[in-house]
>>> print(open('my_file_34.cif').read())   # mmCIF, C-alpha atoms and all ligand atoms
data_coords
#
loop_
_atom_site.label_atom_id
_atom_site.label_comp_id
_atom_site.auth_asym_id
_atom_site.auth_seq_id
_atom_site.Cartn_x
_atom_site.Cartn_y
_atom_site.Cartn_z
CA MET Y 197 179.47 85.08 110.07
CA THR Y 198 180.91 83.90 106.77
CA ILE Y 199 184.48 84.36 105.62
CA LEU Y 200 184.33 84.55 101.85
CA LEU Y 201 187.18 82.18 100.99
CA ARG Y 202 185.56 81.51 97.65
CA PRO Y 203 184.24 84.86 96.47
CA SER Y 204 182.07 83.15 93.86
CA GLY Y 205 179.75 82.28 96.79
CA LEU Y 206 178.76 85.95 97.16
CA LYS Y 207 175.85 85.93 94.72
CA ASP Y 208 174.07 83.08 96.53
CA LEU Y 209 174.59 84.78 99.89
CA MET Y 210 173.06 88.01 98.56
CA GLU Y 211 170.01 86.36 97.02
CA GLY Y 212 166.78 87.98 98.22
CA LYS Y 213 168.46 90.14 100.90
CA ASP Y 214 169.12 93.80 101.54
CA VAL Y 215 172.87 94.10 101.08
CA VAL Y 216 175.26 96.69 102.51
CA PHE Y 217 178.96 96.82 101.67
CA GLU Y 218 181.94 98.44 103.34
CA ILE Y 219 185.25 98.57 101.46
CA GLY Y 220 188.45 99.07 103.46
CA PHE Y 221 186.91 98.42 106.90
CA GLY Y 222 190.21 98.77 108.81
CA ASN Y 223 189.64 97.84 112.48
CA GLY Y 224 185.96 97.00 111.85
CA ASP Y 225 184.35 99.63 114.11
CA PHE Y 226 182.25 101.03 111.27
CA LEU Y 227 180.87 97.55 110.51
CA LEU Y 228 179.52 97.48 114.08
CA TYR Y 229 177.97 100.89 113.45
CA LEU Y 230 176.43 99.59 110.20
CA ARG Y 231 175.00 96.56 112.02
CA ARG Y 232 173.05 98.95 114.26
CA GLN Y 233 171.82 100.98 111.26
CA TYR Y 234 170.83 97.92 109.20
CA PRO Y 235 169.87 95.19 111.70
CA GLU Y 236 168.41 92.88 109.03
CA ALA Y 237 170.70 93.40 106.02
CA LEU Y 238 173.54 91.18 104.90
CA LEU Y 239 176.70 93.15 105.67
CA VAL Y 240 179.69 92.50 103.43
CA GLY Y 241 183.07 93.90 104.39
CA ALA Y 242 186.26 93.80 102.30
CA GLU Y 243 189.74 94.63 103.53
CA VAL Y 244 193.07 94.03 101.78
CA ALA Y 245 195.31 94.17 104.84
CA ASN Y 246 195.61 90.82 106.63
CA LYS Y 247 196.37 92.45 109.96
CA TYR Y 248 193.19 94.56 109.97
CA PHE Y 249 191.13 91.72 108.57
CA LEU Y 250 192.08 89.57 111.58
CA ILE Y 251 191.55 92.37 114.12
CA ALA Y 252 188.08 93.14 112.74
CA HIS Y 253 187.16 89.48 112.43
CA ARG Y 254 187.98 88.86 116.11
CA LYS Y 255 186.07 91.97 117.13
CA LEU Y 256 182.92 90.97 115.23
CA GLU Y 257 183.09 87.40 116.58
CA ARG Y 258 183.44 88.74 120.12
CA GLU Y 259 180.36 90.91 119.63
CA GLY Y 260 178.41 87.91 118.33
CA ILE Y 261 177.49 89.74 115.11
CA ARG Y 262 175.41 87.73 112.62
CA ASN Y 263 174.46 87.93 108.95
CA PHE Y 264 177.91 89.06 107.88
CA ALA Y 265 180.44 88.15 105.21
CA LEU Y 266 184.07 89.25 105.30
CA TYR Y 267 186.44 89.13 102.35
CA ARG Y 268 190.21 89.43 102.62
CA GLY Y 269 191.05 91.15 99.37
CA ASP Y 270 190.17 94.01 97.05
CA GLY Y 271 186.51 94.91 97.57
CA ARG Y 272 186.30 96.06 93.96
CA THR Y 273 187.20 92.54 92.77
CA LEU Y 274 184.22 91.19 94.66
CA LEU Y 275 181.86 93.75 93.14
CA TYR Y 276 183.32 93.62 89.62
CA PHE Y 277 183.27 89.84 89.25
CA PHE Y 278 180.58 88.58 91.61
CA ALA Y 279 177.87 91.17 92.38
CA PRO Y 280 175.05 91.63 89.86
CA ASP Y 281 174.09 95.12 88.64
CA ASN Y 282 171.30 96.76 90.68
CA SER Y 283 171.76 94.42 93.64
CA ILE Y 284 173.21 96.45 96.54
CA ASP Y 285 171.45 98.87 98.88
CA ALA Y 286 174.44 100.84 100.11
CA ILE Y 287 178.22 100.96 99.74
CA TYR Y 288 180.44 102.76 102.28
CA ILE Y 289 184.07 103.79 101.87
CA ASN Y 290 185.74 105.73 104.68
CA PHE Y 291 189.06 107.48 104.19
CA PRO Y 292 190.38 105.66 101.12
CA ASP Y 293 194.15 105.79 100.68
CA PRO Y 294 194.86 108.74 98.32
CA TRP Y 295 197.46 107.11 96.00
CA GLU Y 296 198.44 110.62 94.95
CA LYS Y 297 200.79 109.79 92.06
CA PRO Y 298 198.86 109.82 88.76
CA SER Y 299 200.56 106.53 87.82
CA LYS Y 300 198.75 104.89 90.78
CA GLU Y 301 195.32 106.18 89.81
CA SER Y 302 193.86 102.73 89.18
CA LYS Y 303 194.63 101.78 92.81
CA ARG Y 304 192.39 104.57 94.14
CA LEU Y 305 189.17 103.23 95.59
CA VAL Y 306 187.51 106.19 93.85
CA SER Y 307 189.14 105.66 90.41
CA VAL Y 308 186.83 106.31 87.47
CA ASP Y 309 186.27 102.60 86.81
CA SER Y 310 185.74 101.89 90.52
CA ILE Y 311 182.99 104.51 90.68
CA LYS Y 312 181.39 103.01 87.58
CA VAL Y 313 181.35 99.60 89.24
CA TYR Y 314 179.88 100.88 92.56
CA TYR Y 315 177.22 102.89 90.76
CA SER Y 316 176.25 99.95 88.54
CA ARG Y 317 175.90 97.53 91.44
CA LEU Y 318 173.65 99.84 93.50
CA LYS Y 319 169.91 99.34 93.39
CA ARG Y 320 167.68 102.22 92.35
CA LYS Y 321 167.57 104.60 95.33
CA GLY Y 322 170.67 102.86 96.72
CA HIS Y 323 173.45 105.01 98.18
CA LEU Y 324 177.20 105.31 97.86
CA PHE Y 325 178.86 107.06 100.82
CA ILE Y 326 182.48 108.16 100.51
CA THR Y 327 184.31 110.00 103.30
CA ILE Y 328 187.52 111.76 102.25
CA ASP Y 329 190.19 113.80 104.02
CA SER Y 330 192.69 114.23 101.13
CA ASP Y 331 192.15 117.44 99.13
CA LEU Y 332 193.60 115.85 96.01
CA LEU Y 333 191.18 112.94 96.26
CA LYS Y 334 188.19 115.21 96.93
CA ASP Y 335 188.98 117.16 93.74
CA TYR Y 336 189.51 113.99 91.79
CA LEU Y 337 186.18 112.54 92.95
CA ARG Y 338 184.25 115.75 92.17
CA ARG Y 339 185.68 115.76 88.63
CA THR Y 340 185.00 112.05 88.15
CA LEU Y 341 181.37 112.30 89.24
CA ASN Y 342 180.77 115.38 87.11
CA ASN Y 343 182.36 113.73 84.05
CA LEU Y 344 180.19 110.66 84.56
CA ASN Y 345 177.10 112.83 85.04
CA VAL Y 346 176.42 111.25 88.40
CA PRO Y 347 174.68 113.72 90.77
CA PHE Y 348 176.10 113.90 94.30
CA THR Y 349 176.06 115.96 97.47
CA GLU Y 350 179.13 116.94 99.42
CA SER Y 351 178.93 118.10 103.01
CA LEU Y 352 181.26 118.89 105.87
CA VAL Y 353 178.64 117.52 108.27
CA SER Y 354 178.79 113.81 108.93
CA PRO Y 355 175.73 111.72 107.98
CA PHE Y 356 176.87 109.29 110.72
CA GLY Y 357 176.04 111.55 113.70
CA ASP Y 358 178.94 111.66 116.11
CA PHE Y 359 180.29 108.26 115.11
CA LEU Y 360 183.93 108.43 114.02
CA THR Y 361 186.16 105.71 112.60
CA LYS Y 362 189.79 105.41 113.68
CA TYR Y 363 190.92 107.61 110.76
CA GLY Y 364 188.03 109.98 111.37
CA ARG Y 365 189.30 110.56 114.93
CA LYS Y 366 192.83 110.99 113.63
CA TRP Y 367 191.99 113.64 111.00
CA LEU Y 368 189.58 115.45 113.29
CA SER Y 369 192.26 115.77 115.98
CA LEU Y 370 194.50 117.38 113.33
CA ASN Y 371 191.70 119.75 112.27
CA LYS Y 372 191.68 118.36 108.75
CA PRO Y 373 188.41 119.14 106.93
CA ILE Y 374 186.53 115.99 106.08
CA SER Y 375 184.14 115.80 103.13
CA TYR Y 376 181.18 113.42 103.10
CA PHE Y 377 180.06 112.56 99.55
CA ILE Y 378 176.68 110.94 99.05
CA ILE Y 379 175.49 109.56 95.72
CA GLU Y 380 171.93 108.34 95.32
CA LYS Y 381 171.26 106.17 92.30
CA GLN Y 382 168.25 107.51 90.45
CA ASP Y 383 167.30 104.62 88.16
CA ASP Y 384 168.31 101.09 87.12
CA SER Y 385 171.03 102.18 84.72
CA PHE Y 386 174.55 100.79 84.83
CA PHE Y 387 177.91 101.19 83.17
CA ASP Y 388 178.82 98.13 81.18
CA LEU Y 389 181.64 96.96 83.41
CA SER Y 390 181.65 93.38 84.71
CA GLY Y 391 184.33 90.76 84.99
CA SER Y 392 183.56 87.31 83.74
CA CYS Y 393 184.59 84.23 85.65
CA GLU Y 394 184.53 80.50 85.04
CA SER Y 395 183.26 78.04 87.61
CA PHE Y 396 185.61 75.24 86.45
CA MET Y 397 189.35 74.75 86.86
CA PRO Y 398 191.25 74.29 83.60
CA ASN Y 399 192.74 70.84 82.97
CA PHE Y 400 194.88 69.40 80.20
CA ILE Y 401 196.00 65.79 79.68
CA PHE Y 402 198.08 64.51 76.76
CA TYR Y 403 200.39 61.65 75.70
CA VAL Y 404 204.04 62.68 75.79
CA ARG Y 405 206.45 61.81 73.00
CA GLU Y 406 208.64 58.82 73.90
CA GLU Y 407 211.75 60.37 72.47
CA VAL Y 408 211.29 63.65 74.33
CA ASP Y 409 213.14 64.14 77.49
CA CYS Y 410 210.79 66.40 79.45
CA GLU Y 411 213.41 67.46 81.90
CA LEU Y 412 213.18 70.68 83.84
CA GLU Y 413 216.03 72.24 81.90
CA ARG Y 414 214.31 71.65 78.57
CA ILE Y 415 210.90 72.85 79.74
CA GLY Y 416 212.58 75.79 81.43
CA LYS Y 417 213.55 77.13 78.02
CA ILE Y 418 209.97 78.20 77.32
CA ILE Y 419 210.02 80.86 80.05
CA PRO Y 420 209.77 83.74 80.48
CA LEU Y 421 206.42 83.60 78.75
CA GLU Y 422 204.52 86.86 78.80
CA HIS Y 423 201.61 88.56 77.18
CA LYS Y 424 200.10 92.03 77.21
CA GLU Y 425 196.72 92.94 75.77
CA GLY Y 426 195.20 96.27 76.84
CA ASP Y 427 194.96 96.20 80.63
CA PHE Y 428 195.61 92.47 80.80
CA PHE Y 429 199.11 91.26 81.47
CA TYR Y 430 200.68 87.99 82.57
CA LYS Y 431 204.20 86.81 83.06
CA ILE Y 432 205.27 83.23 83.72
CA ASP Y 433 208.73 83.85 85.01
CA LYS Y 434 209.89 81.06 87.32
CA ILE Y 435 209.71 77.31 87.54
CA TYR Y 436 210.23 75.05 90.52
CA ARG Y 437 210.41 71.30 90.84
CA SER Y 438 208.60 69.78 93.80
CA LEU Y 439 210.00 66.76 95.67
CA ASP Y 440 207.58 64.38 93.97
CA GLY Y 441 208.64 65.49 90.49
CA GLU Y 442 205.94 68.03 89.69
CA VAL Y 443 206.96 71.17 87.85
CA LEU Y 444 205.39 74.41 89.10
CA PHE Y 445 205.19 77.49 86.88
CA ARG Y 446 204.77 80.77 88.72
CA VAL Y 447 202.26 83.15 87.10
CA ILE Y 448 201.98 86.86 87.85
CA HIS Y 449 198.62 87.99 86.56
CA SER Y 450 197.10 91.43 86.29
CA GLU Y 451 193.82 92.60 84.73
CA PRO Y 452 191.30 95.27 85.76
CA PHE Y 453 190.33 94.71 89.43
CA LEU Y 454 192.31 91.48 89.62
CA ASN Y 455 195.94 91.01 90.57
CA GLN Y 456 196.91 87.53 91.62
CA LYS Y 457 199.84 85.18 91.72
CA TYR Y 458 199.36 81.46 91.25
CA TYR Y 459 201.07 78.28 90.08
CA ILE Y 460 200.34 76.01 87.14
CA VAL Y 461 201.34 72.40 87.82
CA PHE Y 462 202.74 70.00 85.22
CA ARG Y 463 203.56 66.35 85.92
CA ILE Y 464 204.26 63.28 83.84
CA PHE Y 465 202.97 59.89 84.89
CA GLU Y 466 203.00 56.65 82.88
CA GLY Y 467 203.52 58.38 79.53
CA LYS Y 468 200.89 61.06 80.10
CA GLY Y 469 201.35 64.74 80.85
CA TYR Y 470 198.90 66.38 83.29
CA MET Y 471 198.43 70.13 83.72
CA GLU Y 472 196.23 72.01 86.15
CA ILE Y 473 196.19 75.12 88.31
CA ASP Y 474 197.42 74.69 91.84
CA ASP Y 475 194.12 75.30 93.56
CA LYS Y 476 194.20 77.95 96.20
CA ASN Y 477 191.35 79.37 98.22
CA GLY Y 478 190.11 82.55 96.67
CA LEU Y 479 191.80 82.12 93.29
CA ILE Y 480 189.58 83.73 90.68
CA ILE Y 481 189.37 81.89 87.37
CA SER Y 482 188.67 84.77 85.01
CA ARG Y 483 188.61 84.35 81.23
CA SER Y 484 192.12 85.78 81.17
CA VAL Y 485 193.33 83.13 83.63
CA ILE Y 486 191.99 80.49 81.22
CA LYS Y 487 193.86 82.17 78.37
CA THR Y 488 197.09 82.14 80.41
CA PHE Y 489 196.65 78.45 81.18
CA ARG Y 490 195.95 77.69 77.53
CA ASP Y 491 199.04 79.59 76.34
CA LEU Y 492 201.32 77.66 78.69
CA ALA Y 493 199.58 74.32 78.06
CA LEU Y 494 200.04 74.67 74.31
CA ARG Y 495 203.71 75.69 74.65
CA ILE Y 496 204.41 72.60 76.76
CA PHE Y 497 202.44 70.41 74.38
CA ARG Y 498 204.52 71.72 71.49
CA GLU Y 499 207.65 70.90 73.47
CA CYS Y 500 206.85 67.35 74.50
CA GLY Y 501 203.29 66.33 73.57
CA LYS Y 502 202.19 63.66 71.11
CA GLU Y 503 198.39 63.56 71.25
CA MET Y 504 195.81 65.42 73.31
CA ILE Y 505 193.60 63.32 75.59
CA PHE Y 506 191.52 65.91 77.46
CA LYS Y 507 191.24 69.69 77.64
CA ASN Y 508 188.45 71.91 78.98
CA PHE Y 509 189.74 75.32 77.96
CA GLY Y 510 188.05 75.72 74.61
CA GLU Y 511 189.17 75.36 71.04
CA VAL Y 512 192.87 75.35 70.17
C1 LIG F 601 193.12 104.88 105.58
S1 LIG F 601 192.52 103.33 105.99
C2 LIG F 601 190.88 103.64 106.59
C3 LIG F 601 190.38 102.52 107.47
C4 LIG F 601 188.94 102.71 108.00
N1 LIG F 601 187.98 102.79 106.91
C5 LIG F 601 188.84 103.93 108.90
O1 LIG F 601 188.14 104.88 108.50
O2 LIG F 601 189.41 103.89 109.99
C6 LIG F 601 192.20 102.61 104.39
C7 LIG F 601 191.89 101.13 104.50
O3 LIG F 601 191.47 100.64 103.23
C8 LIG F 601 192.08 99.38 103.00
N2 LIG F 601 192.06 99.20 101.53
C9 LIG F 601 192.79 99.88 100.62
N3 LIG F 601 192.48 99.47 99.37
C10 LIG F 601 191.53 98.51 99.51
C11 LIG F 601 190.79 97.70 98.58
N4 LIG F 601 191.00 97.81 97.26
N5 LIG F 601 189.88 96.81 99.06
C12 LIG F 601 189.69 96.69 100.41
N6 LIG F 601 190.37 97.41 101.33
C13 LIG F 601 191.26 98.32 100.89
C14 LIG F 601 193.45 99.53 103.64
O4 LIG F 601 194.05 98.28 103.92
C15 LIG F 601 193.10 100.28 104.91
O5 LIG F 601 192.72 99.44 105.96
#
>>> encode(input="my_file_34.cif", output="structure tokens", more="lines below")
Ligand SMILES: C[S@@+](CC[C@H](N)C(=O)[O-])C[C@H]1O[C@@H](n2cnc3c(N)ncnc32)[C@H](O)[C@@H]1O
Amino acid sequence: MTILLRPSGLKDLMEGKDVVFEIGFGNGDFLLYLRRQYPEALLVGAEVANKYFLIAHRKLEREGIRNFALYRGDGRTLLYFFAPDNSIDAIYINFPDPWEKPSKESKRLVSVDSIKVYYSRLKRKGHLFITIDSDLLKDYLRRTLNNLNVPFTESLVSPFGDFLTKYGRKWLSLNKPISYFIIEKQDDSFFDLSGSCESFMPNFIFYVREEVDCELERIGKIIPLEHKEGDFFYKIDKIYRSLDGEVLFRVIHSEPFLNQKYYIVFRIFEGKGYMEIDDKNGLIISRSVIKTFRDLALRIFRECGKEMIFKNFGEV
């Protein structure tokens, strides 16, 4: 079993295999069911909630399940940034949270853009299975699929025999009607919706001006630094000084299918300023992350730089 700490490793794992995804696996029971249905395929499960991720991980280890990859995070991020179009045999989503308020639409696992991503990543004749209890979400999904011209079937009879997930048991005991949506991809078409990522970490080194006092207070004047461009937004809103004199800038970053918080580090040593991203497992270096780094790097350079020595984030 692999835990996908670095999601960029997904593509290599998938190479040459049948691949089956489950998004929002909760306690992991359905992954065990999928293992029985697809004994040879690579199973990839994504779950945002730490607690459930750990419960499922322990369960799968106990059962000695192999040929698995688990990701703690938004399953759509994994598909949007790291899975090629036409590469996945089946995607399963059981009882997605409804996020009923229209303002939360983008959080729905069946949002318009999410459906476009799932559909694009499926192989021809691949299947998307979505099980829904919420009436609002059922309506929303029907409209979305019709608007996208994606044919589907909807049934009140489970395609999973008498297997029920934890939420399946819950809704059944309350007599809530459950709809099973099945979408079969007819051809190799795809919606043009992919995130682009860099495989390098941005770095910046420069000589600092002798006369400049690069003290925290002075540097602190450049924040808050924020930027909004369509669906992309960042805010650098706090700075901290570590015990060994490094300055950490906190970044809150949001773009389609990617919300993350990280720190950009700045330190001065022997007349040179060094900037990099505080590396964290799972941090995704999208093009917009590079832009954020560049914006901050150039602001600091303007404040206390003399001459650039090295940068790997493109033209200034
Ligand atoms: C209502 S529960 C259903 C759990 C399980 N599928 C079942 O049927 O018992 C929804 C699950 O989806 C997870 N989830 C919500 N959004 C997610 C996302 N974007 N990526 C991965 N998991 C997500 C939640 O943490 C939660 O465990």
>>> closest_atom_pairs(input="my_file_34.cif", of="chain Y", to="ligand LIG 601 (chain F)", cutoff="8 Å", atoms="only C-alpha atoms and all ligand atoms", output="tab-separated table")
residue	atom	partner	partner_atom	distance
Y:Ile219	CA	F:LIG601	C12	4.9
Y:Gly220	CA	F:LIG601	N6	3.3
Y:Phe221	CA	F:LIG601	N1	4.5
Y:Gly222	CA	F:LIG601	O5	3.9
Y:Asn223	CA	F:LIG601	O2	6.5
Y:Gly224	CA	F:LIG601	C4	7.5
Y:Asp225	CA	F:LIG601	O2	7.8
Y:Phe226	CA	F:LIG601	N1	7.4
Y:Ala242	CA	F:LIG601	C12	4.9
Y:Glu243	CA	F:LIG601	N6	3.6
Y:Val244	CA	F:LIG601	N6	4.3
Y:Ala245	CA	F:LIG601	O4	4.4
Y:Tyr248	CA	F:LIG601	O5	6.3
Y:Arg268	CA	F:LIG601	C12	7.6
Y:Gly269	CA	F:LIG601	N5	5.8
Y:Asp270	CA	F:LIG601	N5	3.5
Y:Gly271	CA	F:LIG601	N5	4.1
Y:Arg272	CA	F:LIG601	N4	6.0
Y:Thr273	CA	F:LIG601	N4	7.9
Y:Ile289	CA	F:LIG601	N1	6.5
Y:Asn290	CA	F:LIG601	N1	4.3
Y:Phe291	CA	F:LIG601	C2	4.9
Y:Pro292	CA	F:LIG601	C6	4.8
Y:Asp293	CA	F:LIG601	C1	5.1
Y:Lys303	CA	F:LIG601	N4	7.0
Y:Arg304	CA	F:LIG601	N3	7.3
Y:Leu305	CA	F:LIG601	N4	6.0
Y:Leu360	CA	F:LIG601	O1	7.8
Y:Thr361	CA	F:LIG601	O2	4.5
Y:Lys362	CA	F:LIG601	O2	4.0
Y:Tyr363	CA	F:LIG601	O2	4.1
Y:Gly364	CA	F:LIG601	O1	5.9
>>> closest_residue(input="my_file_34.cif", among="Y:Phe428, Y:Tyr288, Y:Phe217, Y:Phe497", to="Val240 in chain Y", atoms="only C-alpha atoms")
Y:Phe217
>>> closest_residue(input="my_file_34.cif", among="Y:Leu256, Y:Val313, Y:Ala279, Y:Ile374", to="Val353 in chain Y", atoms="only C-alpha atoms")
Y:Ile374
>>> closest_residue(input="my_file_34.cif", among="Y:Val485, Y:Tyr276, Y:Ile460, Y:Asp427", to="Asp388 in chain Y", atoms="all atoms listed in the file")
Y:Tyr276
>>> atom_distance(input="my_file_34.cif", atom1="CA of Lys434 in chain Y", atom2="CA of Arg446 in chain Y")
5.3 Å
>>> atom_distance(input="my_file_34.cif", atom1="CA of Ile328 in chain Y", atom2="CA of Lys297 in chain Y")
16.8 Å
>>> closest_residue(input="my_file_34.cif", among="Y:Val447, Y:Leu492, Y:Leu479, Y:Leu318", to="Phe386 in chain Y", atoms="all atoms listed in the file")
Y:Leu318
>>> residues_near_point(input="my_file_34.cif", point="(182.4, 87.8, 88.7)", cutoff="7 Å", atoms="all atoms listed in the file", output="list of chain:residue names")
Y:Ser204, Y:Tyr276, Y:Phe277, Y:Phe278, Y:Ala279, Y:Ser390, Y:Gly391, Y:Ser392, Y:Cys393
>>> atom_distance(input="my_file_34.cif", atom1="CA of Tyr430 in chain Y", atom2="CA of Ile496 in chain Y")
16.9 Å
>>> closest_residue(input="my_file_34.cif", among="Y:Val461, Y:Phe264, Y:Ser330, Y:Phe506", to="Asp440 in chain Y", atoms="only C-alpha atoms")
Y:Val461
>>> residues_around(input="my_file_34.cif", residues="range 465-475 of chain Y", least_positions_apart="4", cutoff="8 Å", atoms="only C-alpha atoms", output="PyMOL selection string")
chain Y and resi 397-406+458-461+479+489+493+501
>>> closest_residue(input="my_file_34.cif", among="Y:Leu332, Y:Asn343, Y:Tyr315, Y:Thr327", to="Trp367 in chain Y", atoms="all atoms listed in the file")
Y:Thr327
>>> residues_near_point(input="my_file_34.cif", point="(194.6, 96.4, 85.0)", cutoff="9 Å", atoms="all atoms listed in the file", output="PyMOL selection string")
chain Y and resi 302+426-429+450-455
>>> residues_around(input="my_file_34.cif", residues="Arg258 in chain Y", least_positions_apart="4", cutoff="12 Å", atoms="only C-alpha atoms", output="list in words")
Met197, Gly224, Leu228, Ile251, Ala252, His253, Arg254 and Arg262 of chain Y
